[in-house]
Amino acid sequence: MTGITAAELADVRIPRRRAGLRYAIGAVDDFLERAAADLRKVESGVAASLSSDDVTFQEFPTVGLFGLGYEADAVDALLDGISAQLNRRGQNAQHGQLRAAQDASDEAKLREMLERIRRGEL
């Protein structure tokens with residue numbers, strides 16, 4: 001699954017059922033609010049408190065016989081999208097950090113070379 005943005009997550013409507021495997025609505029809603037806040041953070045360049053593994057391995061209480069709950073497969077698919085987005089953003093951030101470190105190293109080498117030129121060593 002492709003990643004999902006915070007705005008897209010806000011618009012998601014999860015099917016509710018009274019039969020089959022269902023998750024407790026309140027627990028899912030609470031977690032999705034936390035996930036949306038983290039997606040907004042990473043979209044603005046701030047580190048998230050949730051990792052993609054936190055989302056992937058999140059468990060919710062199930063609903064008893066004939067109780068109303070969110071369809072489990074729909075919730076699981078949504079979590080996959082959140083996890084993919086956090087993972088993708090994390091990889092982009094890591095790449096940016098590596099690039100910044102390389103840029104700093106390159107700058108230091110160029111400054112050293114310029115200094116050697118000024119001293120007439122090159």
# chains A, B, ... in the order shown; residues from 1 in each chain; ligands from 1
>>> closest_atom_pairs(of="region 38-91 of chain A", to="region 13-33 of chain A", cutoff="12 Å", atoms="only C-alpha atoms", output="Markdown table")
| residue | atom | partner | partner_atom | distance |
| --- | --- | --- | --- | --- |
| A:Asp38 | CA | A:Glu33 | CA | 8.7 |
| A:Leu39 | CA | A:Glu33 | CA | 9.9 |
| A:Arg40 | CA | A:Glu33 | CA | 10.7 |
| A:Leu50 | CA | A:Phe31 | CA | 10.5 |
| A:Asp54 | CA | A:Phe31 | CA | 10.7 |
| A:Val55 | CA | A:Phe31 | CA | 9.0 |
| A:Gln58 | CA | A:Phe31 | CA | 8.8 |
| A:Glu59 | CA | A:Tyr23 | CA | 9.0 |
| A:Phe60 | CA | A:Tyr23 | CA | 6.0 |
| A:Pro61 | CA | A:Ala24 | CA | 5.7 |
| A:Thr62 | CA | A:Tyr23 | CA | 4.4 |
| A:Val63 | CA | A:Ala24 | CA | 5.6 |
| A:Gly64 | CA | A:Arg22 | CA | 8.4 |
| A:Leu65 | CA | A:Ala19 | CA | 7.3 |
| A:Phe66 | CA | A:Arg18 | CA | 4.7 |
| A:Gly67 | CA | A:Arg18 | CA | 5.3 |
| A:Leu68 | CA | A:Arg18 | CA | 4.6 |
| A:Gly69 | CA | A:Arg22 | CA | 4.9 |
| A:Tyr70 | CA | A:Arg16 | CA | 4.4 |
| A:Glu71 | CA | A:Arg22 | CA | 4.8 |
| A:Ala72 | CA | A:Arg22 | CA | 4.9 |
| A:Asp73 | CA | A:Leu21 | CA | 8.1 |
| A:Ala74 | CA | A:Ile14 | CA | 6.4 |
| A:Val75 | CA | A:Ile14 | CA | 7.0 |
| A:Asp76 | CA | A:Tyr23 | CA | 10.0 |
| A:Ala77 | CA | A:Ile14 | CA | 10.3 |
| A:Leu78 | CA | A:Ile14 | CA | 8.8 |
| A:Leu79 | CA | A:Leu32 | CA | 8.7 |
| A:Gly81 | CA | A:Leu32 | CA | 11.8 |
| A:Ile82 | CA | A:Leu32 | CA | 9.3 |
| A:Ser83 | CA | A:Leu32 | CA | 11.8 |
>>> select_by_dssp(residues="region 16-88 of chain A", states="helix (DSSP H, G or I)", output="VMD selection string")
chain A and resid 25 to 43 52 to 56 72 to 88
>>> closest_residue(among="A:Ser44, A:Ala36, A:Gly120, A:Thr56", to="Ala7 (chain A)", atoms="only C-alpha atoms")
A:Ala36
>>> atom_distance(atom1="CA of Gln85 (chain A)", atom2="CA of Asp11 (chain A)")
16.1 Å
>>> atom_distance(atom1="CA of Ile4 (chain A)", atom2="CA of Leu86 (chain A)")
8.9 Å
>>> select_by_dssp(residues="chain A", states="strand (DSSP E or B)", output="PyMOL selection string")
chain A and resi 16-17+22-23+62+69-71
>>> atom_distance(atom1="CA of Asn87 (chain A)", atom2="CA of Ser105 (chain A)")
27.0 Å
>>> closest_residue(among="A:Glu115, A:Leu122, A:Lys109, A:Leu9", to="Ala37 (chain A)", atoms="only C-alpha atoms")
A:Leu9
